[in-house]
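What follows is the content of entry-v4.cif, which has mmCIF, C-alpha atoms:
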data_work
#
loop_
_atom_site.group_PDB
_atom_site.id
_atom_site.type_symbol
_atom_site.label_atom_id
_atom_site.label_comp_id
_atom_site.auth_asym_id
_atom_site.auth_seq_id
_atom_site.Cartn_x
_atom_site.Cartn_y
_atom_site.Cartn_z
ATOM 1 C CA MET H 14 -78.574 117.975 110.993
ATOM 2 C CA LYS H 15 -79.047 121.694 111.224
ATOM 3 C CA THR H 16 -76.183 123.912 110.178
ATOM 4 C CA ALA H 17 -75.561 127.570 109.397
ATOM 5 C CA ILE H 18 -73.641 128.750 106.355
ATOM 6 C CA SER H 19 -72.786 132.102 104.853
ATOM 7 C CA ILE H 20 -73.232 132.663 101.118
ATOM 8 C CA PRO H 21 -73.315 135.796 98.971
ATOM 9 C CA ASP H 22 -76.695 137.533 98.768
ATOM 10 C CA ALA H 23 -76.933 137.081 95.000
ATOM 11 C CA LEU H 24 -76.360 133.322 95.283
ATOM 12 C CA PHE H 25 -78.952 133.098 98.038
ATOM 13 C CA GLN H 26 -81.522 134.851 95.850
ATOM 14 C CA GLU H 27 -80.792 132.552 92.916
ATOM 15 C CA ALA H 28 -81.134 129.527 95.184
ATOM 16 C CA GLU H 29 -84.453 130.828 96.531
ATOM 17 C CA THR H 30 -85.758 131.340 93.011
ATOM 18 C CA LEU H 31 -84.638 127.880 91.923
ATOM 19 C CA ALA H 32 -86.167 126.177 94.963
ATOM 20 C CA LYS H 33 -89.503 127.920 94.364
ATOM 21 C CA ARG H 34 -89.448 127.090 90.651
ATOM 22 C CA ARG H 35 -88.799 123.410 91.428
ATOM 23 C CA GLY H 36 -91.282 123.349 94.284
ATOM 24 C CA ILE H 37 -88.763 122.166 96.868
ATOM 25 C CA SER H 38 -87.580 123.560 100.162
ATOM 26 C CA ARG H 39 -84.374 125.519 100.494
ATOM 27 C CA SER H 40 -83.009 122.722 102.704
ATOM 28 C CA GLU H 41 -83.740 120.126 100.034
ATOM 29 C CA LEU H 42 -82.079 122.257 97.376
ATOM 30 C CA TYR H 43 -78.927 122.720 99.457
ATOM 31 C CA ALA H 44 -78.809 119.046 100.485
ATOM 32 C CA THR H 45 -79.166 117.944 96.843
ATOM 33 C CA ALA H 46 -76.458 120.355 95.719
ATOM 34 C CA ILE H 47 -74.040 119.243 98.429
ATOM 35 C CA ALA H 48 -74.741 115.555 97.746
ATOM 36 C CA GLY H 49 -73.927 116.102 94.068
ATOM 37 C CA TYR H 50 -70.728 117.933 94.912
ATOM 38 C CA VAL H 51 -69.610 115.219 97.343
ATOM 39 C CA LYS H 52 -70.370 112.516 94.759
ATOM 40 C CA ASP H 53 -68.295 114.322 92.120
ATOM 41 C CA GLU H 54 -65.400 114.750 94.542
ATOM 42 C CA ARG H 55 -65.215 111.014 95.300
ATOM 43 C CA PHE H 56 -63.613 110.443 91.934
ATOM 44 C CA PHE H 57 -61.555 113.625 91.861
ATOM 45 C CA GLY H 58 -58.140 112.853 90.504
ATOM 46 C CA VAL H 59 -59.027 109.574 88.782
ATOM 47 C CA ARG H 60 -58.903 111.114 85.320
ATOM 48 C CA GLU H 61 -55.703 112.928 86.204
ATOM 49 C CA GLN H 62 -54.136 109.665 87.374
ATOM 50 C CA LEU H 63 -55.169 107.905 84.173
ATOM 51 C CA ASP H 64 -53.787 110.792 82.129
ATOM 52 C CA ALA H 65 -50.528 110.495 84.035
ATOM 53 C CA VAL H 66 -50.276 106.838 83.020
ATOM 54 C CA TYR H 67 -51.609 107.024 79.468
ATOM 55 C CA GLY H 68 -51.592 110.700 78.578
ATOM 56 C CA ALA H 69 -47.881 111.309 78.398
ATOM 57 C CA ALA H 70 -47.484 109.002 75.398
ATOM 58 C CA PRO H 71 -50.932 108.221 73.946
ATOM 59 C CA GLU H 72 -49.302 106.445 70.996
ATOM 60 C CA ALA H 73 -47.946 103.874 73.470
ATOM 61 C CA SER H 74 -51.484 102.671 74.153
ATOM 62 C CA GLU H 75 -52.410 102.312 70.474
ATOM 63 C CA LEU H 76 -52.749 98.910 68.826
ATOM 64 C CA GLU H 77 -50.219 97.745 66.316
ATOM 65 C CA PRO H 78 -51.489 98.270 62.733
ATOM 66 C CA GLU H 79 -52.297 94.622 61.974
ATOM 67 C CA PRO H 80 -54.347 93.880 65.141
ATOM 68 C CA ALA H 81 -56.090 97.239 64.682
ATOM 69 C CA ALA H 82 -57.018 96.303 61.108
ATOM 70 C CA MET H 83 -58.274 92.876 62.236
ATOM 71 C CA GLN H 84 -60.368 94.517 64.923
ATOM 72 C CA TRP H 85 -61.794 96.981 62.395
ATOM 73 C CA ARG H 86 -62.676 94.161 59.960
ATOM 74 C CA SER H 87 -64.486 92.260 62.733
ATOM 75 C CA LEU H 88 -67.059 95.044 63.148
ATOM 76 C CA PRO H 89 -70.385 94.496 61.404
ATOM 77 C CA ARG H 90 -71.021 96.498 58.254
ATOM 78 C CA GLU H 91 -73.833 98.959 58.885
ATOM 79 C CA LYS H 92 -75.315 101.666 56.710
ATOM 80 C CA TRP H 93 -75.289 105.070 58.361
#
Just give me the structure of the file as structure tokens.
Amino acid sequence: MKTAISIPDALFQEAETLAKRRGISRSELYATAIAGYVKDERFFGVREQLDAVYGAAPEASELEPEPAAMQWRSLPREKW
């Protein structure tokens, strides 16, 4: 799909330089950048939603002391 966009001259020059340095076309550079942005946006808000559930009172999601100690003791002993 062909499209036309407007971007600042300085950003265009940086994109040109990057495309040449990577040996890819300008179209490939823009398509890769947009694909990455779209991928990141798919999960936008997930962390915020989890923070809304667990972030307000992080101590509420902590284990009780005894189960936490049992869990800690179950880990293998390793030398660091």
Could you tell me, as a JSON list (two decimals) with C-alpha atoms, in the coordinates of the input, exactly which residues end up selected when the PyMOL selection byres ((chain H and resi 42-51) around 12) is applied to this structure?
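Below is the file that was written, part01.json:
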[["chain", "number", "residue", "atom", "x", "y", "z"],
["H", 14, "MET", "CA", -78.57, 117.98, 110.99],
["H", 15, "LYS", "CA", -79.05, 121.69, 111.22],
["H", 16, "THR", "CA", -76.18, 123.91, 110.18],
["H", 17, "ALA", "CA", -75.56, 127.57, 109.40],
["H", 18, "ILE", "CA", -73.64, 128.75, 106.36],
["H", 20, "ILE", "CA", -73.23, 132.66, 101.12],
["H", 24, "LEU", "CA", -76.36, 133.32, 95.28],
["H", 25, "PHE", "CA", -78.95, 133.10, 98.04],
["H", 27, "GLU", "CA", -80.79, 132.55, 92.92],
["H", 28, "ALA", "CA", -81.13, 129.53, 95.18],
["H", 29, "GLU", "CA", -84.45, 130.83, 96.53],
["H", 30, "THR", "CA", -85.76, 131.34, 93.01],
["H", 31, "LEU", "CA", -84.64, 127.88, 91.92],
["H", 32, "ALA", "CA", -86.17, 126.18, 94.96],
["H", 33, "LYS", "CA", -89.50, 127.92, 94.36],
["H", 34, "ARG", "CA", -89.45, 127.09, 90.65],
["H", 35, "ARG", "CA", -88.80, 123.41, 91.43],
["H", 36, "GLY", "CA", -91.28, 123.35, 94.28],
["H", 37, "ILE", "CA", -88.76, 122.17, 96.87],
["H", 38, "SER", "CA", -87.58, 123.56, 100.16],
["H", 39, "ARG", "CA", -84.37, 125.52, 100.49],
["H", 40, "SER", "CA", -83.01, 122.72, 102.70],
["H", 41, "GLU", "CA", -83.74, 120.13, 100.03],
["H", 52, "LYS", "CA", -70.37, 112.52, 94.76],
["H", 53, "ASP", "CA", -68.30, 114.32, 92.12],
["H", 54, "GLU", "CA", -65.40, 114.75, 94.54],
["H", 55, "ARG", "CA", -65.22, 111.01, 95.30],
["H", 56, "PHE", "CA", -63.61, 110.44, 91.93],
["H", 57, "PHE", "CA", -61.56, 113.62, 91.86]]
Distance of atom CA of H:Glu77 from atom CA of H:Ala65, expressed in Å to one decimal place:
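A separation of 21.8 Å between them.
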To one decimal in Å, tell me the separation between atom CA of H:Asp64 and atom CA of H:Trp85.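 Atom CA of H:Trp85 lies at a distance of 25.4 Å from atom CA of H:Asp64.
You will find atom CA of H:Arg90 at 21.2 Å from atom CA of H:Leu76.
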Pull stretch 16-63 of chain H out of the block and emit N, CA and C atoms, as a CSV table (one decimal), in the first residue's frame.
chain,number,residue,atom,x,y,z
H,16,THR,N,1.4,5.2,0.6
H,16,THR,CA,0.8,6.2,1.4
H,16,THR,C,1.8,7.4,1.4
H,17,ALA,N,1.3,8.6,1.8
H,17,ALA,CA,2.1,9.8,1.9
H,17,ALA,C,2.0,10.3,3.3
H,18,ILE,N,3.1,10.6,3.9
H,18,ILE,CA,3.1,11.1,5.3
H,18,ILE,C,4.0,12.4,5.3
H,19,SER,N,3.8,13.2,6.4
H,19,SER,CA,4.6,14.4,6.6
H,19,SER,C,5.3,14.2,7.9
H,20,ILE,N,6.7,14.4,7.8
H,20,ILE,CA,7.5,14.3,9.1
H,20,ILE,C,8.5,15.4,9.0
H,21,PRO,N,9.0,15.8,10.2
H,21,PRO,CA,9.9,16.9,10.2
H,21,PRO,C,11.2,16.6,9.4
H,22,ASP,N,11.8,17.6,8.8
H,22,ASP,CA,13.0,17.4,8.0
H,22,ASP,C,14.1,16.7,8.8
H,23,ALA,N,14.3,17.0,10.0
H,23,ALA,CA,15.4,16.4,10.8
H,23,ALA,C,15.2,14.9,11.0
H,24,LEU,N,13.9,14.5,11.2
H,24,LEU,CA,13.6,13.1,11.4
H,24,LEU,C,13.8,12.4,10.1
H,25,PHE,N,13.4,13.0,9.0
H,25,PHE,CA,13.6,12.4,7.7
H,25,PHE,C,15.0,12.1,7.4
H,26,GLN,N,15.9,13.1,7.7
H,26,GLN,CA,17.3,12.9,7.5
H,26,GLN,C,17.9,11.8,8.4
H,27,GLU,N,17.5,11.7,9.6
H,27,GLU,CA,17.9,10.6,10.5
H,27,GLU,C,17.5,9.3,10.0
H,28,ALA,N,16.2,9.2,9.5
H,28,ALA,CA,15.7,8.0,8.9
H,28,ALA,C,16.5,7.6,7.7
H,29,GLU,N,16.8,8.5,6.8
H,29,GLU,CA,17.6,8.2,5.6
H,29,GLU,C,18.9,7.7,6.0
H,30,THR,N,19.6,8.3,7.0
H,30,THR,CA,20.9,7.9,7.4
H,30,THR,C,20.8,6.4,8.0
H,31,LEU,N,19.8,6.2,8.8
H,31,LEU,CA,19.7,4.9,9.4
H,31,LEU,C,19.4,3.8,8.3
H,32,ALA,N,18.5,4.1,7.4
H,32,ALA,CA,18.2,3.1,6.3
H,32,ALA,C,19.5,2.8,5.5
H,33,LYS,N,20.3,3.8,5.2
H,33,LYS,CA,21.5,3.6,4.4
H,33,LYS,C,22.5,2.8,5.2
H,34,ARG,N,22.6,3.1,6.5
H,34,ARG,CA,23.6,2.4,7.4
H,34,ARG,C,23.2,0.9,7.5
H,35,ARG,N,21.9,0.6,7.6
H,35,ARG,CA,21.4,-0.8,7.7
H,35,ARG,C,21.2,-1.5,6.3
H,36,GLY,N,21.4,-0.7,5.3
H,36,GLY,CA,21.3,-1.3,3.9
H,36,GLY,C,19.9,-1.7,3.6
H,37,ILE,N,18.9,-0.9,4.0
H,37,ILE,CA,17.5,-1.2,3.7
H,37,ILE,C,16.8,0.0,3.1
H,38,SER,N,15.7,-0.3,2.4
H,38,SER,CA,15.0,0.9,1.8
H,38,SER,C,14.3,1.7,2.8
H,39,ARG,N,14.0,2.9,2.5
H,39,ARG,CA,13.2,3.8,3.3
H,39,ARG,C,11.9,3.2,3.7
H,40,SER,N,11.2,2.6,2.7
H,40,SER,CA,9.9,1.9,2.9
H,40,SER,C,10.1,0.8,3.9
H,41,GLU,N,11.1,0.0,3.8
H,41,GLU,CA,11.3,-1.1,4.8
H,41,GLU,C,11.5,-0.5,6.2
H,42,LEU,N,12.3,0.5,6.3
H,42,LEU,CA,12.5,1.1,7.6
H,42,LEU,C,11.2,1.6,8.2
H,43,TYR,N,10.4,2.4,7.4
H,43,TYR,CA,9.2,2.9,7.9
H,43,TYR,C,8.2,1.8,8.3
H,44,ALA,N,8.1,0.7,7.4
H,44,ALA,CA,7.2,-0.4,7.7
H,44,ALA,C,7.6,-1.1,9.0
H,45,THR,N,8.9,-1.3,9.2
H,45,THR,CA,9.4,-2.0,10.4
H,45,THR,C,9.1,-1.2,11.6
H,46,ALA,N,9.3,0.1,11.5
H,46,ALA,CA,9.1,1.0,12.7
H,46,ALA,C,7.6,1.0,13.0
H,47,ILE,N,6.7,1.1,12.0
H,47,ILE,CA,5.3,1.1,12.3
H,47,ILE,C,4.8,-0.2,12.8
H,48,ALA,N,5.3,-1.3,12.3
H,48,ALA,CA,5.0,-2.6,12.8
H,48,ALA,C,5.3,-2.8,14.3
H,49,GLY,N,6.5,-2.3,14.7
H,49,GLY,CA,6.9,-2.3,16.1
H,49,GLY,C,6.0,-1.5,16.9
H,50,TYR,N,5.7,-0.3,16.5
H,50,TYR,CA,4.8,0.6,17.2
H,50,TYR,C,3.4,-0.1,17.4
H,51,VAL,N,2.9,-0.6,16.4
H,51,VAL,CA,1.6,-1.3,16.4
H,51,VAL,C,1.6,-2.5,17.4
H,52,LYS,N,2.7,-3.2,17.4
H,52,LYS,CA,2.8,-4.4,18.3
H,52,LYS,C,2.8,-3.9,19.7
H,53,ASP,N,3.6,-2.9,20.0
H,53,ASP,CA,3.7,-2.3,21.4
H,53,ASP,C,2.3,-1.8,21.8
H,54,GLU,N,1.5,-1.2,20.9
H,54,GLU,CA,0.3,-0.7,21.3
H,54,GLU,C,-0.8,-1.7,21.6
H,55,ARG,N,-0.6,-2.9,21.1
H,55,ARG,CA,-1.6,-4.0,21.3
H,55,ARG,C,-1.8,-4.2,22.8
H,56,PHE,N,-0.7,-4.1,23.6
H,56,PHE,CA,-0.8,-4.4,25.0
H,56,PHE,C,-0.8,-3.1,25.8
H,57,PHE,N,-1.0,-2.0,25.2
H,57,PHE,CA,-1.1,-0.8,25.9
H,57,PHE,C,-2.2,-0.8,27.0
H,58,GLY,N,-1.9,-0.5,28.2
H,58,GLY,CA,-2.8,-0.5,29.2
H,58,GLY,C,-2.9,-1.8,30.1
H,59,VAL,N,-2.2,-2.8,29.6
H,59,VAL,CA,-2.2,-4.1,30.4
H,59,VAL,C,-1.5,-3.9,31.7
H,60,ARG,N,-0.3,-3.3,31.7
H,60,ARG,CA,0.4,-3.0,32.9
H,60,ARG,C,-0.4,-2.1,33.8
H,61,GLU,N,-1.0,-1.1,33.3
H,61,GLU,CA,-1.8,-0.1,34.1
H,61,GLU,C,-3.0,-0.9,34.7
H,62,GLN,N,-3.6,-1.8,34.0
H,62,GLN,CA,-4.7,-2.5,34.6
H,62,GLN,C,-4.2,-3.4,35.7
H,63,LEU,N,-3.1,-4.1,35.5
H,63,LEU,CA,-2.5,-4.9,36.6
H,63,LEU,C,-2.1,-4.1,37.8
